[in-house]
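**Q** What follows is a structure written as structure tokens; I'll ask about it next.
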Amino acid sequence: MTDIQSLERDIESAITAAADEGALEQVRVSALGKKGSISELLKTLGGMSPEERKEKGPQFNTLRDRISAAITARKTELQEQALNARLASERIDVTLPARPEPQGTVHPVSQVLDEITAIFADLGFAVAEGPDVEYDDYNFTRLNIPPDHPARQMHDTFYVSPQRDGSRHVLRTHTSPVQVRTMLSQNPPIRIISPGRAYRVDSDATHSPMFHQFEGLVIDEVTNLGHLKWTLEELCKAFFEVEKVELRARPSFFPFTEPSVEWDLRCDRSTPGKITFGQGNDWLELAGSGMVHPKVLAMCGIDPEKYQGYAFGGGIDRLAMLKYGIPDIRSFFESDIRWLKHFGFAPLDIPTLDGGLSR
Ligand code: PHE
């Protein structure tokens, strides 16, 4: 009896002392394996008298079952410990922010571009696009500016190296070639705006060699300068967020429009550093425009006997400078993060007419 009890105690303390599954397996083999202490004990039953066997048999079997259960329990315990240790070492804090607060803001030029697009979308204009590197033909010739025409000198053009056939591409000097592309690819009625980049050899506080324009084109059977004026008035009211505006027409010249009109917007600049629209005695240049020249319609595949249209174009950078009080155009392109943060707009605040254009 005492032998069995002390054997059980020894094995149990070995089980408790086993620090990992490997050590526990050794304890199991030395007790319950083929040559283990308990197995050896069970073998002695064979040499016993029936009475003795009757007494010892159940004792040995109980011992074997208890040790076997203790090993299983310890095994489960060790597995849990190992798992917990692993979980603790691989722990991540899911409450930490995934990445820092967004740093980016929308550039004032992009903001104004989106604002103008929203205004014209509301008036039923679609957005049309064209490439920055443009055919000489589309930038000039089909806009009624033939090669060697003096009007080409109005534009200080960046020319791209000649093609193999000798033709030259240009960095578009205005967004007007998108008019050509639209007329060549769509049938009237046409109502598009095309905001985008344009390039001219020019650089000072109010001119940048790369700048932004918005182009507008409307072609239908009946269009007139009144429609044009109304459209620009709606643009100004919505863009400058005022109830009333006043536009002044000045005769002008563009080879692709006849008649050509430049528009000024009444404003008040009497308080230094401040500009108010719709009142005052100052005028602000807004856009060039006119009725599309019949020769341009014909060169772009539209019958000038049946259709007429108006077009307009203005500078986006200048509008952004006015609306957001930016004195030097060059600051747009300096990529100064502090400046961008000051003037930038939250990336998810997309301008809409009913949501408010700028907040
Ligand atoms: N393309 C002209 C410019 O850049 C503007 C303009 C557009 C004029 C459309 C008339 C019609 O100055």
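FYI, nothing fancy with the structure tokens labels: chains A, B, ... in order, residues from 1 per chain, ligands from 1 as they appear.
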As a compact mmCIF listing (two decimals) with all heavy atoms, in the first residue's frame, please: every protein or nucleic acid residue near ligand 1 (cut-off 7 Å, counting only C-alpha atoms and all ligand atoms).
**A**
# COMPACT_ATOMS: atom_id res chain seq x y z
N THR A 173 -2.18 76.73 -75.93
CA THR A 173 -2.04 78.07 -75.39
C THR A 173 -3.34 78.56 -74.77
O THR A 173 -3.40 79.62 -74.16
CB THR A 173 -1.62 79.05 -76.50
OG1 THR A 173 -2.60 78.99 -77.54
CG2 THR A 173 -0.27 78.67 -77.07
N HIS A 174 -4.41 77.80 -74.97
CA HIS A 174 -5.71 78.10 -74.37
C HIS A 174 -6.52 76.80 -74.38
O HIS A 174 -6.08 75.79 -74.96
CB HIS A 174 -6.45 79.22 -75.10
CG HIS A 174 -6.50 79.08 -76.60
ND1 HIS A 174 -7.12 79.99 -77.42
CD2 HIS A 174 -6.00 78.13 -77.45
CE1 HIS A 174 -7.00 79.61 -78.68
NE2 HIS A 174 -6.33 78.49 -78.72
N THR A 175 -7.69 76.80 -73.73
CA THR A 175 -8.50 75.58 -73.73
C THR A 175 -9.41 75.53 -74.96
O THR A 175 -10.15 74.55 -75.15
CB THR A 175 -9.34 75.47 -72.43
OG1 THR A 175 -9.91 76.74 -72.14
CG2 THR A 175 -8.49 75.01 -71.27
N SER A 176 -9.32 76.54 -75.84
CA SER A 176 -10.20 76.58 -77.02
C SER A 176 -10.08 75.38 -77.97
O SER A 176 -11.06 75.03 -78.64
CB SER A 176 -10.01 77.89 -77.78
OG SER A 176 -10.32 78.98 -76.94
N GLU A 215 -13.25 76.81 -70.45
CA GLU A 215 -13.77 77.11 -71.78
C GLU A 215 -15.25 76.74 -71.77
O GLU A 215 -15.62 75.76 -71.11
CB GLU A 215 -13.03 76.23 -72.80
CG GLU A 215 -13.27 76.56 -74.23
CD GLU A 215 -12.41 77.75 -74.66
OE1 GLU A 215 -11.50 78.14 -73.91
OE2 GLU A 215 -12.67 78.28 -75.75
N GLY A 216 -16.06 77.48 -72.46
CA GLY A 216 -17.46 77.10 -72.58
C GLY A 216 -17.85 77.14 -74.05
O GLY A 216 -17.34 77.97 -74.80
N PHE A 254 -11.14 88.16 -81.25
CA PHE A 254 -10.56 86.82 -81.25
C PHE A 254 -10.83 86.27 -82.65
O PHE A 254 -11.95 86.43 -83.15
CB PHE A 254 -11.20 85.91 -80.20
CG PHE A 254 -11.05 86.41 -78.80
CD1 PHE A 254 -12.12 87.02 -78.15
CD2 PHE A 254 -9.86 86.27 -78.11
CE1 PHE A 254 -11.99 87.49 -76.85
CE2 PHE A 254 -9.72 86.74 -76.81
CZ PHE A 254 -10.78 87.36 -76.18
N PHE A 256 -11.51 83.46 -83.66
CA PHE A 256 -12.49 82.36 -83.72
C PHE A 256 -13.88 82.78 -83.30
O PHE A 256 -14.79 81.96 -83.26
CB PHE A 256 -12.01 81.17 -82.90
CG PHE A 256 -11.27 81.54 -81.63
CD1 PHE A 256 -11.94 81.60 -80.43
CD2 PHE A 256 -9.92 81.83 -81.68
CE1 PHE A 256 -11.25 81.96 -79.27
CE2 PHE A 256 -9.23 82.19 -80.52
CZ PHE A 256 -9.90 82.26 -79.31
N THR A 257 -14.08 84.06 -82.95
CA THR A 257 -15.43 84.51 -82.63
C THR A 257 -15.73 85.81 -83.39
O THR A 257 -14.84 86.62 -83.64
CB THR A 257 -15.58 84.77 -81.11
OG1 THR A 257 -14.46 85.50 -80.65
CG2 THR A 257 -15.71 83.47 -80.34
N SER A 260 -16.72 89.55 -81.16
CA SER A 260 -16.02 89.12 -79.94
C SER A 260 -16.27 90.14 -78.83
O SER A 260 -16.28 91.34 -79.09
CB SER A 260 -14.52 89.04 -80.19
OG SER A 260 -14.24 88.08 -81.20
N ALA A 287 -13.82 87.45 -68.65
CA ALA A 287 -13.69 86.40 -69.68
C ALA A 287 -13.71 87.01 -71.07
O ALA A 287 -14.28 88.08 -71.29
CB ALA A 287 -14.83 85.40 -69.54
N GLY A 288 -13.06 86.29 -72.01
CA GLY A 288 -13.19 86.60 -73.42
C GLY A 288 -14.29 85.73 -73.99
O GLY A 288 -14.54 84.63 -73.48
N SER A 289 -14.97 86.21 -75.04
CA SER A 289 -16.08 85.42 -75.55
C SER A 289 -16.50 85.90 -76.93
O SER A 289 -15.89 86.82 -77.48
CB SER A 289 -17.27 85.54 -74.60
OG SER A 289 -17.86 86.81 -74.77
N GLY A 290 -17.53 85.33 -77.45
CA GLY A 290 -18.10 85.79 -78.71
C GLY A 290 -18.97 84.72 -79.32
O GLY A 290 -19.12 83.63 -78.78
N ALA A 311 -19.13 81.05 -77.43
CA ALA A 311 -18.04 80.43 -76.67
C ALA A 311 -17.49 81.48 -75.72
O ALA A 311 -17.60 82.68 -75.96
CB ALA A 311 -16.95 79.94 -77.61
N PHE A 312 -16.92 80.99 -74.63
CA PHE A 312 -16.27 81.91 -73.69
C PHE A 312 -15.10 81.20 -73.03
O PHE A 312 -15.04 79.97 -72.99
CB PHE A 312 -17.25 82.42 -72.63
CG PHE A 312 -18.05 81.33 -71.96
CD1 PHE A 312 -17.53 80.65 -70.85
CD2 PHE A 312 -19.29 80.96 -72.44
CE1 PHE A 312 -18.26 79.64 -70.23
CE2 PHE A 312 -20.03 79.94 -71.83
CZ PHE A 312 -19.51 79.27 -70.72
N GLY A 313 -14.16 82.01 -72.54
CA GLY A 313 -13.01 81.42 -71.85
C GLY A 313 -12.45 82.39 -70.84
O GLY A 313 -12.38 83.59 -71.10
N GLY A 314 -12.10 81.90 -69.68
CA GLY A 314 -11.56 82.77 -68.63
C GLY A 314 -10.51 82.05 -67.82
O GLY A 314 -10.36 80.84 -67.91
**Q** Extract, using only C-alpha atoms, all DNA, RNA and protein residues at most 12 Å from region 325-332 of chain A, discarding same-chain residues fewer than 6 positions from it, and format them as a PyMOL selection string.
**A** chain A and resi 106-110+202-212+272-276+315-319+338-340+342-344
**Q** Write a file of the selected residues as an mmCIF file, in the first residue's frame, keeping N, CA and C atoms.
**A**
data_model
loop_
_atom_site.group_PDB
_atom_site.id
_atom_site.type_symbol
_atom_site.label_atom_id
_atom_site.label_comp_id
_atom_site.auth_asym_id
_atom_site.auth_seq_id
_atom_site.Cartn_x
_atom_site.Cartn_y
_atom_site.Cartn_z
ATOM 1 N N VAL A 106 -7.137 70.082 -50.454
ATOM 2 C CA VAL A 106 -7.371 70.368 -51.867
ATOM 3 C C VAL A 106 -6.786 71.741 -52.199
ATOM 4 N N HIS A 107 -6.025 71.792 -53.259
ATOM 5 C CA HIS A 107 -5.392 73.038 -53.709
ATOM 6 C C HIS A 107 -6.469 74.036 -54.130
ATOM 7 N N PRO A 108 -6.271 75.335 -53.839
ATOM 8 C CA PRO A 108 -7.300 76.323 -54.209
ATOM 9 C C PRO A 108 -7.679 76.271 -55.694
ATOM 10 N N VAL A 109 -6.713 75.982 -56.578
ATOM 11 C CA VAL A 109 -7.047 75.918 -58.007
ATOM 12 C C VAL A 109 -7.986 74.740 -58.273
ATOM 13 N N SER A 110 -7.702 73.590 -57.652
ATOM 14 C CA SER A 110 -8.597 72.432 -57.819
ATOM 15 C C SER A 110 -9.967 72.745 -57.247
ATOM 16 N N ASP A 202 5.451 83.058 -70.284
ATOM 17 C CA ASP A 202 5.119 84.268 -69.528
ATOM 18 C C ASP A 202 5.270 83.953 -68.046
ATOM 19 N N SER A 203 5.915 84.829 -67.289
ATOM 20 C CA SER A 203 6.030 84.554 -65.853
ATOM 21 C C SER A 203 6.276 85.826 -65.056
ATOM 22 N N ASP A 204 5.315 86.212 -64.238
ATOM 23 C CA ASP A 204 5.502 87.276 -63.245
ATOM 24 C C ASP A 204 4.442 87.080 -62.147
ATOM 25 N N ALA A 205 4.205 88.125 -61.326
ATOM 26 C CA ALA A 205 3.311 87.940 -60.172
ATOM 27 C C ALA A 205 1.884 87.566 -60.583
ATOM 28 N N THR A 206 1.477 87.939 -61.816
ATOM 29 C CA THR A 206 0.107 87.613 -62.220
ATOM 30 C C THR A 206 0.066 86.650 -63.410
ATOM 31 N N HIS A 207 1.221 86.218 -63.898
ATOM 32 C CA HIS A 207 1.247 85.242 -65.001
ATOM 33 C C HIS A 207 2.147 84.077 -64.660
ATOM 34 N N SER A 208 1.660 82.883 -64.987
ATOM 35 C CA SER A 208 2.477 81.693 -64.782
ATOM 36 C C SER A 208 2.559 80.980 -66.121
ATOM 37 N N PRO A 209 3.709 80.380 -66.470
ATOM 38 C CA PRO A 209 3.819 79.697 -67.778
ATOM 39 C C PRO A 209 2.812 78.558 -67.918
ATOM 40 N N MET A 210 2.372 77.993 -66.809
ATOM 41 C CA MET A 210 1.270 77.029 -66.847
ATOM 42 C C MET A 210 0.153 77.636 -66.023
ATOM 43 N N PHE A 211 -1.021 77.707 -66.595
ATOM 44 C CA PHE A 211 -2.139 78.297 -65.863
ATOM 45 C C PHE A 211 -3.402 77.516 -66.197
ATOM 46 N N HIS A 212 -4.522 77.941 -65.644
ATOM 47 C CA HIS A 212 -5.769 77.181 -65.826
ATOM 48 C C HIS A 212 -6.859 78.052 -66.424
ATOM 49 N N PRO A 272 -8.939 99.017 -48.986
ATOM 50 C CA PRO A 272 -7.732 98.249 -49.340
ATOM 51 C C PRO A 272 -7.795 96.818 -48.794
ATOM 52 N N GLY A 273 -7.361 95.884 -49.633
ATOM 53 C CA GLY A 273 -7.322 94.481 -49.208
ATOM 54 C C GLY A 273 -8.668 93.804 -49.234
ATOM 55 N N LYS A 274 -9.710 94.496 -49.770
ATOM 56 C CA LYS A 274 -11.029 93.884 -49.753
ATOM 57 C C LYS A 274 -11.678 94.094 -51.126
ATOM 58 N N ILE A 275 -12.431 93.145 -51.579
ATOM 59 C CA ILE A 275 -13.127 93.293 -52.848
ATOM 60 C C ILE A 275 -14.555 92.778 -52.683
ATOM 61 N N THR A 276 -15.508 93.603 -53.152
ATOM 62 C CA THR A 276 -16.920 93.222 -53.055
ATOM 63 C C THR A 276 -17.494 93.222 -54.462
ATOM 64 N N GLY A 315 -9.797 82.832 -67.012
ATOM 65 C CA GLY A 315 -8.716 82.264 -66.202
ATOM 66 C C GLY A 315 -9.216 81.794 -64.851
ATOM 67 N N ILE A 316 -8.851 80.573 -64.516
ATOM 68 C CA ILE A 316 -9.279 80.004 -63.235
ATOM 69 C C ILE A 316 -8.380 80.491 -62.097
ATOM 70 N N ASP A 317 -7.081 80.597 -62.366
ATOM 71 C CA ASP A 317 -6.149 81.005 -61.307
ATOM 72 C C ASP A 317 -6.513 82.385 -60.768
ATOM 73 N N ARG A 318 -6.879 83.265 -61.709
ATOM 74 C CA ARG A 318 -7.208 84.629 -61.314
ATOM 75 C C ARG A 318 -8.479 84.641 -60.455
ATOM 76 N N LEU A 319 -9.449 83.821 -60.842
ATOM 77 C CA LEU A 319 -10.671 83.732 -60.038
ATOM 78 C C LEU A 319 -10.367 83.212 -58.639
ATOM 79 N N ARG A 338 2.563 74.623 -45.562
ATOM 80 C CA ARG A 338 1.848 75.513 -44.624
ATOM 81 C C ARG A 338 0.850 76.372 -45.387
ATOM 82 N N TRP A 339 1.275 76.841 -46.561
ATOM 83 C CA TRP A 339 0.392 77.655 -47.404
ATOM 84 C C TRP A 339 -0.821 76.814 -47.836
ATOM 85 N N LEU A 340 -0.537 75.584 -48.264
ATOM 86 C CA LEU A 340 -1.625 74.705 -48.716
ATOM 87 C C LEU A 340 -2.604 74.437 -47.593
ATOM 88 N N HIS A 342 -3.227 76.396 -45.108
ATOM 89 C CA HIS A 342 -3.988 77.625 -44.848
ATOM 90 C C HIS A 342 -5.105 77.806 -45.870
ATOM 91 N N PHE A 343 -4.761 77.608 -47.160
ATOM 92 C CA PHE A 343 -5.755 77.850 -48.204
ATOM 93 C C PHE A 343 -6.485 76.588 -48.648
ATOM 94 N N GLY A 344 -5.922 75.431 -48.273
ATOM 95 C CA GLY A 344 -6.476 74.177 -48.789
ATOM 96 C C GLY A 344 -7.852 73.884 -48.222
#
**Q** Can you list, as a ChimeraX atom specification, every protein, DNA or RNA residue that comes within 12 Å of Ile302 (chain A) when you count only C-alpha atoms, leaving out same-chain residues fewer than 2 positions away?
**A** /A:179-180,182-190,219-221,292-300,304-309
**Q** Counting only C-alpha atoms, which residue out of A:Val133, A:Ile145, A:Leu286, A:Ile119 sits closest to Leu235 (chain A)?
**A**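 Of A:Val133, A:Ile145, A:Leu286, A:Ile119, the one nearest Leu235 (chain A), counting only C-alpha atoms, is A:Ile119.
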**Q** Have a look at CA of Pro351 (chain A) and CA of Asp122 (chain A) and let me know their distance in Å, one decimal.
**A**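 Going from CA of Pro351 (chain A) over to CA of Asp122 (chain A), I get 11.9 Å.
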**Q** Report the distance between CA of Glu52 (chain A) and CA of Ser30 (chain A) in Å, rounded to one decimal place.
**A** 25.5 Å
